$ cat query.cif   # mmCIF, C-alpha atoms (C1' of nucleotides)
data_structure
#
loop_
_atom_site.label_atom_id
_atom_site.label_comp_id
_atom_site.auth_asym_id
_atom_site.auth_seq_id
_atom_site.Cartn_x
_atom_site.Cartn_y
_atom_site.Cartn_z
CA MET V 1 2.43 34.36 17.67
CA PRO V 2 1.95 36.10 20.84
CA GLU V 3 4.17 38.23 22.94
CA LEU V 4 3.14 40.02 26.09
CA PRO V 5 0.72 42.52 24.49
CA GLU V 6 -1.09 39.81 22.54
CA VAL V 7 -1.40 37.58 25.61
CA GLU V 8 -2.67 40.52 27.66
CA THR V 9 -5.22 41.26 24.92
CA VAL V 10 -6.38 37.66 24.98
CA ARG V 11 -6.65 37.79 28.76
CA ARG V 12 -8.89 40.83 28.59
CA GLY V 13 -10.99 39.23 25.89
CA LEU V 14 -11.53 36.06 27.90
CA MET V 15 -12.50 37.79 31.14
CA PRO V 16 -16.10 38.68 30.27
CA ALA V 17 -16.84 35.22 28.92
CA LEU V 18 -15.25 33.22 31.73
CA VAL V 19 -14.82 35.04 35.01
CA GLY V 20 -17.59 34.10 37.41
CA ARG V 21 -18.78 31.29 35.13
CA ARG V 22 -18.64 27.60 35.81
CA LEU V 23 -17.11 25.24 33.24
CA ALA V 24 -20.11 23.07 32.42
CA ASP V 25 -18.06 21.02 30.00
CA VAL V 26 -14.41 20.68 29.00
CA ALA V 27 -13.20 18.50 26.15
CA ALA V 28 -9.65 17.83 24.98
CA HIS V 29 -9.68 16.57 21.41
CA ARG V 30 -6.15 15.26 21.49
CA PRO V 31 -3.94 14.07 24.34
CA ASP V 32 -1.15 16.57 23.79
CA LEU V 33 -0.32 20.06 22.64
CA ARG V 34 3.38 20.75 22.75
CA PHE V 35 3.54 18.45 25.78
CA PRO V 36 1.06 15.84 26.96
CA LEU V 37 -1.92 17.30 28.79
CA PRO V 38 -1.91 16.33 32.49
CA ASP V 39 -3.76 13.20 33.56
CA GLY V 40 -7.49 13.71 33.88
CA PHE V 41 -7.19 17.17 32.35
CA ALA V 42 -10.80 17.67 31.27
CA ALA V 43 -12.31 15.87 34.26
CA ARG V 44 -10.32 17.97 36.72
CA LEU V 45 -11.60 21.18 35.12
CA ARG V 46 -15.22 20.21 34.64
CA GLY V 47 -17.61 21.88 37.08
CA ARG V 48 -15.07 24.42 38.35
CA ARG V 49 -15.80 28.10 38.59
CA VAL V 50 -13.38 30.58 37.01
CA GLU V 51 -12.47 33.11 39.67
CA ASP V 52 -10.01 35.28 37.78
CA ILE V 53 -7.69 35.34 34.79
CA GLY V 54 -4.17 36.57 35.33
CA ARG V 55 -1.05 36.78 33.22
CA ARG V 56 2.61 36.17 33.96
CA ALA V 57 5.01 36.82 31.08
CA LYS V 58 3.33 35.13 28.09
CA TYR V 59 1.36 32.72 30.26
CA LEU V 60 -2.35 33.00 30.96
CA LEU V 61 -3.37 31.87 34.44
CA LEU V 62 -6.99 30.86 34.86
CA GLY V 63 -7.69 30.77 38.58
CA LEU V 64 -10.36 28.21 39.43
CA ASP V 65 -12.17 27.39 42.63
CA GLY V 66 -10.79 24.53 44.71
CA ASN V 67 -7.16 25.74 44.57
CA LEU V 68 -6.51 24.93 40.94
CA THR V 69 -4.94 27.07 38.20
CA LEU V 70 -5.02 26.33 34.50
CA LEU V 71 -1.79 27.60 33.00
CA VAL V 72 -1.85 28.29 29.25
CA HIS V 73 0.88 29.26 26.82
CA LEU V 74 -0.25 30.17 23.30
CA GLY V 75 3.00 29.09 21.65
CA MET V 76 3.33 30.56 18.16
CA SER V 77 -0.12 30.02 16.75
CA GLY V 78 -2.47 29.43 19.66
CA ARG V 79 -5.64 31.45 20.01
CA PHE V 80 -8.92 31.43 21.85
CA GLN V 81 -12.25 31.99 20.24
CA VAL V 82 -15.41 32.80 22.13
CA ALA V 83 -18.81 32.10 20.61
CA SER V 84 -22.33 31.64 21.77
CA GLY V 85 -23.56 28.09 21.48
CA ASN V 86 -21.54 25.07 20.54
CA GLY V 87 -21.05 24.85 16.77
CA PRO V 88 -19.05 22.29 14.81
CA LEU V 89 -15.35 21.90 15.56
CA CYS V 90 -12.89 23.71 13.33
CA LEU V 91 -9.60 22.23 12.24
CA HIS V 92 -7.10 22.46 15.14
CA ASP V 93 -9.70 23.18 17.80
CA HIS V 94 -7.83 21.17 20.43
CA VAL V 95 -9.49 22.11 23.71
CA CYS V 96 -13.09 23.25 24.12
CA PHE V 97 -14.74 24.80 27.15
CA VAL V 98 -18.49 25.36 27.54
CA THR V 99 -19.66 27.67 30.30
CA ASP V 100 -22.75 27.23 32.42
CA ASP V 101 -24.44 30.06 30.53
CA GLY V 102 -23.90 28.38 27.19
CA TRP V 103 -20.86 30.12 25.72
CA SER V 104 -18.09 28.15 24.10
CA VAL V 105 -14.43 29.03 24.42
CA ARG V 106 -12.11 27.12 22.14
CA PHE V 107 -8.35 26.85 22.02
CA ASN V 108 -7.18 26.50 18.43
CA ASP V 109 -3.49 25.97 17.69
CA PRO V 110 -2.36 24.77 14.24
CA ARG V 111 1.34 24.58 15.06
CA ARG V 112 0.72 23.07 18.45
CA PHE V 113 3.57 24.88 20.18
CA GLY V 114 1.01 25.86 22.78
CA TYR V 115 0.93 24.34 26.20
CA MET V 116 -1.52 23.79 29.06
CA ASP V 117 -0.96 22.51 32.56
CA LEU V 118 -2.82 22.31 35.85
CA ILE V 119 -1.24 23.26 39.13
CA ALA V 120 -2.41 23.95 42.67
CA THR V 121 -2.87 27.71 42.94
CA ASP V 122 -0.95 27.90 46.19
CA ARG V 123 2.06 26.35 44.46
CA LEU V 124 1.82 28.39 41.29
CA SER V 125 5.02 30.35 41.71
CA GLY V 126 6.96 27.10 41.92
CA HIS V 127 5.76 25.87 38.55
CA PRO V 128 8.84 25.05 36.46
CA MET V 129 7.67 27.27 33.61
CA LEU V 130 7.21 30.27 35.89
CA ALA V 131 9.94 29.83 38.47
CA GLY V 132 12.83 31.27 36.46
CA LEU V 133 11.06 34.21 34.84
CA GLY V 134 12.45 37.70 35.18
CA PRO V 135 10.41 40.71 36.27
CA GLU V 136 7.31 41.90 34.47
CA PRO V 137 8.38 44.78 32.24
CA LEU V 138 5.37 46.86 33.29
CA GLY V 139 5.87 46.11 36.99
CA GLU V 140 7.82 48.15 39.49
CA ASP V 141 10.64 45.62 39.79
CA PHE V 142 11.78 46.29 36.25
CA THR V 143 14.08 49.24 36.83
CA GLY V 144 17.23 50.64 35.30
CA ALA V 145 19.20 49.43 38.30
CA TYR V 146 17.89 45.91 37.84
CA LEU V 147 18.45 45.77 34.09
CA GLY V 148 21.88 47.35 34.30
CA ALA V 149 23.00 44.77 36.84
CA ARG V 150 21.51 41.94 34.82
CA LEU V 151 23.25 42.97 31.57
CA SER V 152 26.54 43.90 33.17
CA GLY V 153 29.50 41.82 32.08
CA ARG V 154 27.61 39.93 29.40
CA GLY V 155 28.95 39.58 25.91
CA MET V 156 25.76 38.23 24.40
CA ALA V 157 24.01 40.41 21.83
CA LEU V 158 21.68 42.88 23.49
CA LYS V 159 18.62 41.62 21.66
CA ALA V 160 19.33 38.04 22.70
CA SER V 161 19.40 39.18 26.33
CA LEU V 162 16.08 40.98 25.96
CA MET V 163 14.46 37.86 24.56
CA ASP V 164 15.82 35.77 27.42
CA GLN V 165 12.76 35.41 29.66
CA ARG V 166 15.01 35.42 32.72
CA THR V 167 16.06 38.99 31.91
CA VAL V 168 12.59 40.39 31.41
CA ALA V 169 9.41 38.37 31.11
CA GLY V 170 7.26 38.58 28.01
CA MET V 171 9.49 40.21 25.39
CA GLY V 172 9.51 38.45 22.06
CA ASN V 173 10.98 39.04 18.66
CA ILE V 174 8.80 41.93 17.55
CA TYR V 175 8.82 44.02 20.69
CA ALA V 176 12.52 43.43 21.31
CA SER V 177 13.27 44.92 17.88
CA GLU V 178 10.84 47.78 18.35
CA SER V 179 12.06 48.61 21.86
CA LEU V 180 15.69 48.69 20.78
CA TYR V 181 14.78 50.98 17.93
CA ARG V 182 12.97 53.33 20.26
CA ALA V 183 15.94 53.32 22.66
CA ARG V 184 18.34 53.97 19.74
CA LEU V 185 20.41 50.91 20.68
CA SER V 186 21.80 48.37 18.24
CA PRO V 187 20.47 44.84 18.76
CA LEU V 188 23.94 43.57 17.88
CA ARG V 189 25.97 45.32 20.55
CA ALA V 190 27.20 43.50 23.63
CA SER V 191 24.68 43.44 26.45
CA GLY V 192 27.21 44.64 28.98
CA SER V 193 28.31 47.63 26.90
CA LEU V 194 25.41 49.90 27.86
CA GLY V 195 25.94 52.89 30.09
CA ALA V 196 23.42 54.00 32.66
CA ALA V 197 21.78 56.38 30.19
CA GLY V 198 21.34 53.63 27.62
CA VAL V 199 19.87 51.26 30.16
CA LYS V 200 17.45 53.94 31.29
CA ARG V 201 16.36 54.65 27.73
CA LEU V 202 15.86 50.94 27.15
CA VAL V 203 13.65 50.48 30.22
CA GLY V 204 11.53 53.43 29.15
CA ALA V 205 11.35 52.22 25.54
CA ILE V 206 10.28 48.71 26.54
CA ARG V 207 7.56 50.10 28.76
CA SER V 208 6.20 52.55 26.22
CA VAL V 209 6.23 50.08 23.33
CA LEU V 210 4.38 47.46 25.37
CA VAL V 211 1.82 49.91 26.73
CA GLU V 212 1.06 51.25 23.25
CA ALA V 213 0.84 47.74 21.83
CA ILE V 214 -1.60 46.65 24.52
CA GLU V 215 -3.71 49.72 23.85
CA ALA V 216 -3.75 48.74 20.18
CA GLY V 217 -4.92 45.21 20.98
CA GLY V 218 -1.55 43.69 20.10
CA SER V 219 -0.18 43.05 16.62
CA THR V 220 -1.84 40.85 14.02
CA LEU V 221 0.68 39.36 11.61
CA ARG V 222 -0.88 36.08 10.63
CA ASN V 223 -3.30 34.88 13.17
CA HIS V 224 -3.39 36.84 16.38
CA GLN V 225 -6.93 37.81 17.10
CA ARG V 226 -8.84 38.63 20.20
CA PRO V 227 -11.20 35.99 21.55
CA THR V 228 -14.02 38.00 19.99
CA GLY V 229 -12.37 37.82 16.57
CA GLU V 230 -11.20 41.43 16.44
CA LEU V 231 -7.70 41.99 15.14
CA GLY V 232 -4.87 43.86 16.82
CA CYS V 233 -3.53 46.89 15.03
CA PHE V 234 -0.11 47.66 16.49
CA GLN V 235 1.52 46.16 13.38
CA HIS V 236 0.71 49.44 11.65
CA SER V 237 2.97 51.16 14.18
CA PHE V 238 6.06 49.02 13.62
CA ALA V 239 9.09 51.21 13.05
CA VAL V 240 11.44 48.42 11.99
CA TYR V 241 9.95 44.94 12.38
CA ASP V 242 9.67 43.22 8.99
CA ARG V 243 10.54 46.46 7.22
CA ALA V 244 13.96 45.64 5.77
CA GLY V 245 14.95 48.03 3.02
CA GLU V 246 12.42 50.67 3.98
CA PRO V 247 13.50 54.04 5.34
CA CYS V 248 13.63 54.37 9.10
CA PRO V 249 10.76 56.60 10.19
CA ASP V 250 12.97 58.97 12.17
CA CYS V 251 16.21 59.58 10.34
CA ARG V 252 14.62 59.33 6.89
CA CYS V 253 17.93 58.15 5.56
CA ASP V 254 18.50 57.89 1.84
CA VAL V 255 17.61 54.25 1.22
CA ALA V 256 19.52 54.15 -2.05
CA ARG V 257 22.71 55.03 -0.19
CA THR V 258 22.26 53.45 3.23
CA GLY V 259 19.99 50.50 2.47
CA GLY V 260 17.46 51.68 5.06
CA ILE V 261 16.34 49.27 7.74
CA GLN V 262 18.58 46.22 7.93
CA ARG V 263 17.66 42.61 8.59
CA ALA V 264 20.16 40.59 10.60
CA VAL V 265 20.00 37.31 12.44
CA VAL V 266 20.64 37.39 16.19
CA ALA V 267 20.45 34.20 18.21
CA GLY V 268 18.78 32.57 15.23
CA ARG V 269 15.95 35.10 14.98
CA ALA V 270 15.30 37.75 12.35
CA THR V 271 16.20 41.15 13.73
CA PHE V 272 15.48 44.55 12.24
CA HIS V 273 17.23 47.81 12.95
CA CYS V 274 18.41 51.10 11.53
CA PRO V 275 22.23 51.10 11.75
CA LYS V 276 22.34 54.87 11.51
CA ARG V 277 19.96 55.56 14.37
CA GLN V 278 20.77 52.56 16.56
CA ARG V 279 24.26 52.34 18.00
"C1'" DA I 1 28.32 29.10 33.01
"C1'" DA I 2 27.42 31.06 28.65
"C1'" DC I 3 25.99 30.55 24.39
"C1'" DA I 4 24.51 28.34 19.77
"C1'" DA I 5 21.96 25.16 17.40
"C1'" DG I 6 18.43 21.76 16.97
"C1'" DA I 7 14.02 20.24 17.96
"C1'" DC I 8 9.01 20.48 18.15
"C1'" DC I 9 4.62 21.15 14.10
"C1'" DT I 10 1.79 23.25 10.57
"C1'" DG I 11 0.70 26.76 7.19
"C1'" DC I 12 1.85 30.05 4.01
"C1'" DA I 13 4.49 32.78 0.57
"C1'" DT I 14 7.83 32.37 -2.85
"C1'" DG I 15 10.19 30.69 -6.81
"C1'" DC I 16 11.00 27.29 -10.21
"C1'" DT S 1 -0.78 24.05 -11.70
"C1'" DG S 2 2.27 21.52 -8.74
"C1'" DC S 3 6.22 20.89 -6.05
"C1'" DA S 4 10.27 22.13 -3.22
"C1'" DT S 5 12.08 25.43 -0.22
"C1'" DG S 6 12.31 28.63 3.40
"C1'" DC S 7 10.26 31.16 6.86
"C1'" DA S 8 7.12 32.28 10.90
"C1'" DG S 9 5.21 35.94 16.80
"C1'" DG S 10 8.28 30.59 21.33
"C1'" DT S 11 11.09 27.99 24.29
"C1'" DC S 12 12.86 23.48 25.91
"C1'" DT S 13 16.76 20.47 25.25
"C1'" DT S 14 21.14 19.23 23.77
"C1'" DG S 15 25.79 20.12 22.54
"C1'" DT S 16 30.00 22.95 22.40
#

$ encode --input "query.cif" --output "structure tokens"
Amino acid sequence: MPELPEVETVRRGLMPALVGRRLADVAAHRPDLRFPLPDGFAARLRGRRVEDIGRRAKYLLLGLDGNLTLLVHLGMSGRFQVASGNGPLCLHDHVCFVTDDGWSVRFNDPRRFGYMDLIATDRLSGHPMLAGLGPEPLGEDFTGAYLGARLSGRGMALKASLMDQRTVAGMGNIYASESLYRARLSPLRASGSLGAAGVKRLVGAIRSVLVEAIEAGGSTLRNHQRPTGELGCFQHSFAVYDRAGEPCPDCRCDVARTGGIQRAVVAGRATFHCPKRQR
DNA sequence: AACAAGACCTGCATGC
DNA sequence: TGCATGCAGGTCTTGT
């Protein structure tokens, strides 16, 4: 499911329910998500106070008192739901938190590609899932100079490089396609073939697409929703994603002649682009 | 080292 | 209606 804008939306939705609250109860209803939960998972969380909720790439980082961080990845289908009181479990409610003021926060993940781990906060940056990540696309380290150097000399398809979390942290299939469209760059071209102008356009496009998507509350395709149940609405702004055969919104090409937006497969993932506009 | 493909797991849309 | 098939927003692991 979630790429950076969806995870950021979830983070913002969890803050009012959790930050400053103590976890009166924590229950794991199965021993594993994608990987086994760490030993004593629920017991180690119980009674802790949530000090802040951060995000790195697509990971949520719940900072707890006593030097502990709960690291959460939503996988493809993970979501949190916040409710008052503690109602009956729904199918795939795998981990349940109850705060000291009586709210319940539940992690539901049908596909179970999600992931949770506990790590000492002062060793967070060394966590194996975080250690190799590239810069945050909305941070100041993500510059044209950085991206140009990173892509230089690589033959891999440009979109595959963008989805490599070591290149830039948090891009996924949707926003990689949308950013490349906005930068007028083909997802199929070699990563190292960009000039400085192309790299600069790409950095700007990635930033603007992500900022707009966050403002829209992310994209809801199947099951992304905010912890409050509201849906994201950036999917209505997609220029190319999942729009094969439709006209590209900018060049308005004659679909009967050009075929409109094309679907291709890059690094095993569906990829959408306008061959006329994106070179 | 770079890259592709397979694996993980469930739900849903599609077509027969 | 029921069944088989393919596909899905991610990423770790294995193999070339």

$ resolve_selection --input "query.cif" --expression "the PyMOL selection byres ((chain I and resi 2) around 10)" --output "NGL selection string"
(:V and (154-156)) or (:I and (1 or 3-4))

$ interface_residues --input "query.cif" --of "chain V" --to "chain I" --cutoff "7 Å" --atoms "all atoms listed in the file" --output "list in words"
Pro110, Arg111 and Arg112 of chain V

$ interface_residues --input "query.cif" --of "chain V" --to "chain S" --cutoff "8 Å" --atoms "only C-alpha atoms (C1' of nucleotides)" --output "VMD selection string"
chain V and resid 1 to 3 75 to 77 113 172 to 174 221

$ residues_around --input "query.cif" --residues "V:Pro227" --least-positions-apart "4" --cutoff "8 Å" --atoms "only C-alpha atoms (C1' of nucleotides)" --output "ChimeraX atom specification"
/V:10,13-14,79-82

$ residues_around --input "query.cif" --residues "V:Arg56" --least-positions-apart "3" --cutoff "12 Å" --atoms "only C-alpha atoms (C1' of nucleotides)" --output "ChimeraX atom specification"
/V:3-5,7-8,11,53,59-62,71-73,124-125,127,129-139,165,168-171

$ residues_around --input "query.cif" --residues "V:Arg201" --least-positions-apart "3" --cutoff "10 Å" --atoms "all atoms listed in the file" --output "count of residues only"
14

$ closest_residue --input "query.cif" --among "V:His29, V:Asp65, V:Ala43, V:Phe238" --to "V:Asp93" --atoms "all atoms listed in the file"
V:His29

$ closest_residue --input "query.cif" --among "V:Phe142, V:Phe97, V:Tyr181, V:Phe107" --to "V:Arg279" --atoms "only C-alpha atoms"
V:Tyr181

$ atom_distance --input "query.cif" --atom1 "atom CA of V:Cys251" --atom2 "atom CA of V:Arg263"
17.1 Å

$ atom_distance --input "query.cif" --atom1 "atom CA of V:Val95" --atom2 "atom CA of V:Leu18"
14.9 Å

$ atom_distance --input "query.cif" --atom1 "atom CA of V:Gly54" --atom2 "atom CA of V:Arg22"
17.0 Å

$ residues_around --input "query.cif" --residues "V:Pro275" --least-positions-apart "4" --cutoff "8 Å" --atoms "only C-alpha atoms (C1' of nucleotides)" --output "list in words"
Ser186, Ile261, Gln262 and Arg279 of chain V

$ resolve_selection --input "query.cif" --expression "the PyMOL selection byres ((chain V and resi 85) around 7)" --output "list in words"
Ala83, Ser84, Asn86, Gly87, Gly102, Trp103 and Ser104 of chain V
